[in-house]
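Reading through the structure tokens given below for one structure.
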Amino acid sequence: MTYSNTFGNLKLDSWYKIFVLIGGLGFLLSLVLPMQAITNRQAMFLCLGILLIGLGEWKNNKILVQYVEANWESGAHYLSTPIRKPDLLGNGLIIIGIFLLIGSFIDIMHIYPIFTR
């Protein structure tokens, strides 16, 4: 089993997949690298909010596959269409991510220290 093409199959073709990448990398980096402008805890919650919004939207976007029977123009084939079909888990992840983003912005702006206690 080779891992040489592990990330080669990752297609960043939608905004929510980019959110997952940025949020995941930012979260991991905030755990190990010291931050200069904001605290590591603020960066961790900010990136976690971005990650959860991306994961929730990824969960809500699905692919509808339909079978098209053969006719005089073409043979039988499958037709796939991306659709957005929200569910409880996807919307819950988005709501938690939005609350984490708002809380981290409030904490960064020093309005009310939420995550730095």
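Scheme for the structure tokens: letters A, B, ... for chains in order shown; per-chain residue numbers from 1; ligand numbers from 1 in order shown.
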
*Quick one: pick out all alpha helix (DSSP H) residues within chain A from a backbone DSSP run and write them as a ChimeraX atom specification.*
/A:15-32,40-60,88-108

Determine which residues of range 39-100 of chain A receive a DSSP assignment of strand (DSSP E or B), computed from the backbone, and state them as a PDB file with C-alpha atoms, in the first residue's frame.
```pdb
ATOM      1  CA  ASN A  61     -24.143  18.886  -0.492  1.00  0.00           C
ATOM      2  CA  LYS A  62     -24.959  15.550  -2.058  1.00  0.00           C
ATOM      3  CA  ILE A  63     -24.947  14.013  -5.538  1.00  0.00           C
ATOM      4  CA  LEU A  64     -28.195  12.820  -7.094  1.00  0.00           C
ATOM      5  CA  VAL A  65     -27.637   9.891  -9.467  1.00  0.00           C
ATOM      6  CA  GLN A  66     -30.362   9.035 -11.968  1.00  0.00           C
ATOM      7  CA  TYR A  67     -30.562   6.223 -14.479  1.00  0.00           C
ATOM      8  CA  VAL A  68     -31.527   7.327 -18.001  1.00  0.00           C
ATOM      9  CA  HIS A  77     -26.383   5.976 -18.929  1.00  0.00           C
ATOM     10  CA  TYR A  78     -26.273   7.448 -15.459  1.00  0.00           C
ATOM     11  CA  LEU A  79     -26.741  11.159 -14.881  1.00  0.00           C
ATOM     12  CA  SER A  80     -25.256  12.708 -11.750  1.00  0.00           C
ATOM     13  CA  THR A  81     -26.300  16.136 -10.489  1.00  0.00           C
ATOM     14  CA  PRO A  82     -24.984  17.923  -7.411  1.00  0.00           C
ATOM     15  CA  ILE A  83     -27.798  19.046  -5.118  1.00  0.00           C
ATOM     16  CA  ARG A  84     -27.972  20.706  -1.722  1.00  0.00           C
TER      17      ARG A  84
END
```

*Hey, what's within 6 Å of Ile50 in chain A if we count only C-alpha atoms and toss same-chain stuff fewer than 3 positions away? As number ranges by chain, please?*
A: 19, 23, 47, 53

*Please identify all polymer residues within 9 Å of range 9-18 of chain A, counting only C-alpha atoms, omitting same-chain residues fewer than 3 positions from it, and present them as a list of chain:residue names.*
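After dropping sequence-adjacent residues, the list is A:Asn5, A:Thr6, A:Leu21, A:Ile22, A:Gly23, A:Leu51, A:Ile53, A:Gly54, A:Leu55, A:Gly56, A:Glu57, A:Trp58.
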
*Among the residues A:Lys59, A:Leu48, A:Met35, A:Ala76, the one that comes closest to Leu88 in chain A [using only C-alpha atoms]*: A:Lys59

Excluding range 95-103 of chain A and its own-chain neighbours fewer than 2 positions away, which residues fall within 6 Å of it when counting only C-alpha atoms? Please give them as a PDB file with N, CA and C atoms, in the first residue's frame.
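Final output, part16.pdb:
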```pdb
ATOM      1  N   LEU A  46     -11.101  29.972  16.196  1.00  0.00           N
ATOM      2  CA  LEU A  46     -11.406  30.573  14.896  1.00  0.00           C
ATOM      3  C   LEU A  46     -11.295  29.531  13.786  1.00  0.00           C
ATOM      4  N   GLY A  49     -14.032  26.883  14.004  1.00  0.00           N
ATOM      5  CA  GLY A  49     -15.292  27.367  13.449  1.00  0.00           C
ATOM      6  C   GLY A  49     -15.311  27.274  11.936  1.00  0.00           C
ATOM      7  N   LEU A  52     -15.660  23.559  10.989  1.00  0.00           N
ATOM      8  CA  LEU A  52     -16.999  23.012  11.185  1.00  0.00           C
ATOM      9  C   LEU A  52     -17.993  23.537  10.154  1.00  0.00           C
ATOM     10  N   ILE A  53     -17.856  24.798   9.743  1.00  0.00           N
ATOM     11  CA  ILE A  53     -18.720  25.322   8.687  1.00  0.00           C
ATOM     12  C   ILE A  53     -18.465  24.578   7.387  1.00  0.00           C
ATOM     13  N   GLY A  92     -26.364  21.431  12.072  1.00  0.00           N
ATOM     14  CA  GLY A  92     -25.811  21.555  13.415  1.00  0.00           C
ATOM     15  C   GLY A  92     -24.339  21.933  13.396  1.00  0.00           C
ATOM     16  N   LEU A  93     -23.566  21.325  12.503  1.00  0.00           N
ATOM     17  CA  LEU A  93     -22.149  21.683  12.383  1.00  0.00           C
ATOM     18  C   LEU A  93     -21.977  23.132  11.946  1.00  0.00           C
ATOM     19  N   PHE A 105     -14.315  36.073  17.196  1.00  0.00           N
ATOM     20  CA  PHE A 105     -14.201  37.475  16.781  1.00  0.00           C
ATOM     21  C   PHE A 105     -14.459  38.424  17.945  1.00  0.00           C
ATOM     22  N   ILE A 106     -15.428  38.099  18.796  1.00  0.00           N
ATOM     23  CA  ILE A 106     -15.690  38.919  19.977  1.00  0.00           C
ATOM     24  C   ILE A 106     -14.486  38.886  20.907  1.00  0.00           C
TER      25      ILE A 106
END
```
